Amino acid sequence: MLAIACTCGFSAHGQDTHLDTVNIHAGSTGTNITPHDFIGFHQSINADQFNKSFNTLPNLLEQQSGIEIQSIGGIGQYSSPVIRGSSGQQVLVYWDGLLLNGLSGSGADIGNLNLSLASKIDIYRSVAPIELSSSAVGGVIHIQSENLDREKQESSGQAIITHGNHGTQQYSLMQKIDLGSSQWLIASEYLASDNDFSYLEKNPVNSPNEPSYESRYNNAARQYHVLLKGLKTYQNGRFDASLQSGNSDRELSTIINFPSNQATLTTRNQSAQLRWKHHWDNVNRSEFLTTLNRTSQLYDDRLSSIGLGKQLNEYSANGYTLQWNQYIGNETLSMVMVARSQTEKTNADYKLLNDLELQTQCSAGRGCETTYLRQQYDLAGRLQYQSEGSRINLQVSRISLQDKNLTASDSLNQHDHSTWSLGTSHQFELGINLYINTANQVRLPNTNELFGDRGTSLGNPELVPEMAKHYEVGLRYGNAYIDVKSSLYLRNVKEAIVAESDSRGIIRYSNLGATQHTGTEQNINWYPVRELTFTANITIQSNEIKEDKRFSYYEGKQVAGYSQIYSYLSMRWEKSNWDITISNTFEKEGFYDNANLLKKDTKSQWNTSIGANYHKWRLSLDVTDLTNSSARDYPFYPEPGRMYFLRAHTQW
């Protein structure tokens, strides 16, 4: 589900620990926590790092250590991030403070998000601020749009045009207007791609025993977004408001690449958000946030057989959030209290079935037309102490969640859980910062896992919450020539929820038992001379199945879908008004299945970008997957391989 709203993001103050040396331009927002001063292996990626060439959000995130992207292939198609061996449902993705996963808890689809409207991305790999989430088992990705800042009274804008392979087109326009007593921003974007690439099909429909190259069928994607933001300040505070609307049309490819199999998913979303901030004095600050969002999806499978058969189903979700943050303290000792109420109502409408057919399908366990109401209440607090280079963060929260099936009697699920995290760090005189953190976290089953979804998955109301314990130790070191960040982590997850599909592609959920996730991450940025930058992001991990209570004998050891070794290496040269970047993305040693019988493709993807600046214009030629490796994230969904993009960007 895609539901997007915009309001103020995190501020850009604090120690600079991001991957590259950049000029931060997002502006001050007054929020009191950022990845720079929150203990753990976190980072901020600013627009200067991704706005110089054509780049997609999945590709950008895949370049960071600890993050893998699971995609079905093609620009604008489904992509989901995983962090440190987590599942897509465990990673929470936010846009300007609004949870994109939805309160239902489904995995976030970042293929529907574009970078042309983003100005900053914050990544929390372990624990996250309670202002965003009371529990984030798999980490948090927080994407933020251009911020409005009354301290910068200016009218400015930008325009972007991109054309590339396979019918790829991107157009983006943004204008910021200063009216003296208020400030406004209006932005829009459009992205489309036919995704009609050729690939090697090992078992073609017409000749299963003779591999051949053929076109990828039914894989196009088109989307647009419109954003309006406003800011009004007064002596001791500010009001921020935003409205956003978006539409996405996708063709859905089947496991068998056959022209007559045609299915589409149309997603429409609208959201509104209002944020009020007020400084009572030098010690007390308050923040109130309210959001409204609506998403509707039309799943048309009448000319295909992806799920249970012929379908024309509409799924809708309406939700709202009320949140109060109260900050008390000074530079040495501070405290924040968060009270949050969230409600989401989801509804399924099977338009092709009459009442008798609905009853028959539901009783057969193949999907029911139902309405669910999920309500969650969080009460959380953080205590932070900082003195002489040392810092301590303690967070605690209490989560209460309730699920109601409004179409069935006596259908009520109630969950109450507590979470906590504790971190400490110290800055030594030699420039080394050492930190340790630990956390006890929980992920409640989402409504799709409990009750089924889209006619392609069967619910399991017997699922129990996933429980995770997290431990991390790391260090940071930097000077004028080199920045180094290194971490070791351990996550133990009990009652991990896994999804397995049968021969028809129908997904069934169950609690696996226990998994253990260990790894090390290295981020190195080296500046030997002013014009040259070397970057190395390296991850070595093991995501081990420790217990499988579903089967007495189980062959697999590694959790499916993750590489045990992956890295991103790049070299960038900047001279006068031109620059060139060469990079390599590498992934190896993974499995497509939990039985570890089918090895994942080894990915070694070379990319390059050549750019030139002239006055207020920038032109770039970007090439992805130069060697045409076309490594797959899923065994039945091919990747496009080598692609070229020509991009023009102007600012005023």
# chains A, B, ... in the order shown; residues from 1 in each chain; ligands from 1
>>> closest_atom_pairs(of="range 409-524 of chain A", to="range 586-602 of chain A", cutoff="12 Å", atoms="only C-alpha atoms", output="CSV")
residue,atom,partner,partner_atom,distance
A:Val498,CA,A:Asn594,CA,9.5
A:Ala499,CA,A:Asn594,CA,10.2
A:Glu500,CA,A:Asp593,CA,8.9
A:Ser501,CA,A:Asp593,CA,10.6
A:Leu512,CA,A:Asn594,CA,10.4
A:Thr515,CA,A:Asn594,CA,11.7
>>> residues_around(residues="Leu401 in chain A", least_positions_apart="5", cutoff="12 Å", atoms="only C-alpha atoms", output="PyMOL selection string")
chain A and resi 103-105+340-344+373-379+412-418+443-447+465
>>> write_last_selection(atoms="C-alpha atoms", output="PDB file, in the first residue's frame")
ATOM      1  CA  LEU A 103      -0.940   0.426  10.202  1.00  0.00           C
ATOM      2  CA  SER A 104      -1.868  -3.007   8.850  1.00  0.00           C
ATOM      3  CA  GLY A 105       1.856  -3.753   8.963  1.00  0.00           C
ATOM      4  CA  ARG A 340       0.233   8.354  19.733  1.00  0.00           C
ATOM      5  CA  SER A 341      -3.128   7.057  18.538  1.00  0.00           C
ATOM      6  CA  GLN A 342      -3.483   5.355  15.140  1.00  0.00           C
ATOM      7  CA  THR A 343      -6.529   3.897  13.437  1.00  0.00           C
ATOM      8  CA  GLU A 344      -6.876   2.210  10.049  1.00  0.00           C
ATOM      9  CA  LEU A 373     -10.381  -2.148  11.916  1.00  0.00           C
ATOM     10  CA  ARG A 374      -6.920  -1.897  13.480  1.00  0.00           C
ATOM     11  CA  GLN A 375      -6.269   0.517  16.351  1.00  0.00           C
ATOM     12  CA  GLN A 376      -2.919   1.084  18.034  1.00  0.00           C
ATOM     13  CA  TYR A 377      -2.012   3.221  21.025  1.00  0.00           C
ATOM     14  CA  ASP A 378       1.581   3.988  22.003  1.00  0.00           C
ATOM     15  CA  LEU A 379       2.882   5.630  25.147  1.00  0.00           C
ATOM     16  CA  LEU A 412     -11.277  -9.542  18.247  1.00  0.00           C
ATOM     17  CA  ASN A 413      -7.503  -9.797  18.652  1.00  0.00           C
ATOM     18  CA  GLN A 414      -5.810  -7.865  21.453  1.00  0.00           C
ATOM     19  CA  HIS A 415      -2.051  -7.429  21.921  1.00  0.00           C
ATOM     20  CA  ASP A 416      -0.189  -5.518  24.639  1.00  0.00           C
ATOM     21  CA  HIS A 417       3.602  -5.385  24.620  1.00  0.00           C
ATOM     22  CA  SER A 418       6.472  -3.354  26.044  1.00  0.00           C
ATOM     23  CA  ARG A 443       6.544  -6.942  15.547  1.00  0.00           C
ATOM     24  CA  LEU A 444       2.865  -7.739  15.655  1.00  0.00           C
ATOM     25  CA  PRO A 445       1.395  -9.829  12.795  1.00  0.00           C
ATOM     26  CA  ASN A 446      -0.091  -7.633  10.106  1.00  0.00           C
ATOM     27  CA  THR A 447      -3.683  -7.941   8.946  1.00  0.00           C
ATOM     28  CA  PRO A 465       4.080 -11.735  17.464  1.00  0.00           C
TER      29      PRO A 465
END
>>> atom_distance(atom1="CA of Leu132 in chain A", atom2="CA of Ser334 in chain A")
17.9 Å
>>> residues_around(residues="range 46-61 of chain A", least_positions_apart="6", cutoff="7 Å", atoms="only C-alpha atoms", output="list in words")
Val22, Asn23, Ile24, Ile67, Ile69, Ser79, Ile110, Gly111, Leu113, Asn114, Leu115, Ser119, Lys120, Ile121, Ser620, Asp622, Phe645 and Arg647 of chain A
>>> residues_around(residues="Val484 in chain A", least_positions_apart="4", cutoff="8 Å", atoms="only C-alpha atoms", output="count of residues only")
7
>>> residues_around(residues="range 84-93 of chain A", least_positions_apart="5", cutoff="7 Å", atoms="only C-alpha atoms", output="NGL selection string")
:A and (66-67 or 99-101 or 105-108 or 136-142 or 443 or 517 or 543 or 562)
>>> write_last_selection(atoms="C-alpha atoms", output="short mmCIF file (atom, residue, chain, number, x, y, z; two decimals), in the first residue's frame")
data_model
loop_
_atom_site.label_atom_id
_atom_site.label_comp_id
_atom_site.auth_asym_id
_atom_site.auth_seq_id
_atom_site.Cartn_x
_atom_site.Cartn_y
_atom_site.Cartn_z
CA GLY A 66 23.38 -3.55 5.60
CA ILE A 67 20.52 -2.93 3.12
CA LEU A 99 4.23 5.39 7.85
CA LEU A 100 4.05 3.98 4.31
CA ASN A 101 3.73 0.37 5.45
CA GLY A 105 1.86 -3.75 8.96
CA SER A 106 2.46 -4.86 5.39
CA GLY A 107 5.84 -4.43 3.73
CA ALA A 108 6.58 -1.04 2.20
CA ALA A 136 11.19 -1.22 14.67
CA VAL A 137 12.54 -4.77 14.58
CA GLY A 138 14.11 -4.35 11.13
CA GLY A 139 15.06 -0.67 11.25
CA VAL A 140 13.56 2.50 9.75
CA ILE A 141 13.99 4.39 6.47
CA HIS A 142 12.69 7.98 6.68
CA ARG A 443 6.54 -6.94 15.55
CA HIS A 517 21.20 -12.63 12.45
CA ASN A 543 20.93 -15.12 8.77
CA TYR A 562 19.59 -12.69 1.55
#
>>> select_by_dssp(residues="range 173-318 of chain A", states="strand (DSSP E or B)", output="ChimeraX atom specification")
/A:173-178,182-193,198-201,212-215,221-234,237-251,262-279,284-303,312-318
>>> closest_residue(among="A:Tyr509, A:Trp324, A:Trp420, A:Tyr527", to="His470 in chain A", atoms="only C-alpha atoms")
A:Trp420
>>> atom_distance(atom1="CA of Pro35 in chain A", atom2="CA of Ala128 in chain A")
8.8 Å
>>> closest_residue(among="A:Gly513, A:Asn165, A:Pro81, A:Ile177", to="Asp194 in chain A", atoms="only C-alpha atoms")
A:Asn165
>>> residues_around(residues="range 266-277 of chain A", least_positions_apart="5", cutoff="6 Å", atoms="only C-alpha atoms", output="list of chain:residue names")
A:Ala3, A:Ala5, A:Gly237, A:Arg238, A:Phe239, A:Asp240, A:Ala241, A:Ser242, A:Leu243, A:Gln244, A:Ser245, A:Gly246, A:Asn247, A:Ser248, A:Asp249, A:Ser286, A:Glu287, A:Phe288, A:Leu289, A:Thr290, A:Thr291, A:Leu292, A:Asn293, A:Arg294, A:Thr295, A:Ser296, A:Gln297, A:Leu298
>>> closest_residue(among="A:Trp280, A:Tyr124, A:Trp184, A:Phe41", to="Val82 in chain A", atoms="only C-alpha atoms")
A:Tyr124
>>> atom_distance(atom1="CA of Leu333 in chain A", atom2="CA of Ile143 in chain A")
28.7 Å
>>> residues_around(residues="Cys368 in chain A", least_positions_apart="6", cutoff="9 Å", atoms="only C-alpha atoms", output="list in words")
Ala348, Tyr350, Leu358, Gln359, Gln361, Cys362, Phe451, Gly452, Asp453 and Gly455 of chain A
>>> write_last_selection(atoms="N, CA and C atoms", output="tab-separated table (two decimals), in the first residue's frame")
chain	number	residue	atom	x	y	z
A	348	ALA	N	-12.28	-4.96	1.68
A	348	ALA	CA	-12.11	-5.71	0.44
A	348	ALA	C	-13.47	-5.87	-0.23
A	350	TYR	N	-15.03	-7.73	-3.57
A	350	TYR	CA	-14.85	-8.64	-4.70
A	350	TYR	C	-15.98	-8.41	-5.69
A	358	LEU	N	-19.41	-15.57	-3.02
A	358	LEU	CA	-18.58	-15.07	-1.93
A	358	LEU	C	-18.56	-16.05	-0.77
A	359	GLN	N	-19.72	-16.55	-0.41
A	359	GLN	CA	-19.82	-17.48	0.71
A	359	GLN	C	-19.08	-18.78	0.41
A	361	GLN	N	-16.53	-19.24	-1.76
A	361	GLN	CA	-15.09	-19.00	-1.78
A	361	GLN	C	-14.54	-18.84	-0.37
A	362	CYS	N	-15.26	-18.12	0.47
A	362	CYS	CA	-14.78	-17.88	1.84
A	362	CYS	C	-14.72	-19.18	2.64
A	451	PHE	N	-5.31	-12.44	8.19
A	451	PHE	CA	-6.60	-12.66	7.56
A	451	PHE	C	-6.53	-12.92	6.06
A	452	GLY	N	-5.33	-12.88	5.45
A	452	GLY	CA	-5.22	-13.08	4.01
A	452	GLY	C	-5.33	-11.77	3.25
A	453	ASP	N	-4.92	-11.81	1.96
A	453	ASP	CA	-4.88	-10.56	1.20
A	453	ASP	C	-4.92	-10.83	-0.29
A	455	GLY	N	-6.52	-12.25	-2.38
A	455	GLY	CA	-6.81	-13.54	-2.98
A	455	GLY	C	-5.56	-14.33	-3.32
>>> closest_residue(among="A:Ala408, A:Ile392, A:Ile130, A:Leu353", to="Gln326 in chain A", atoms="only C-alpha atoms")
A:Ile130
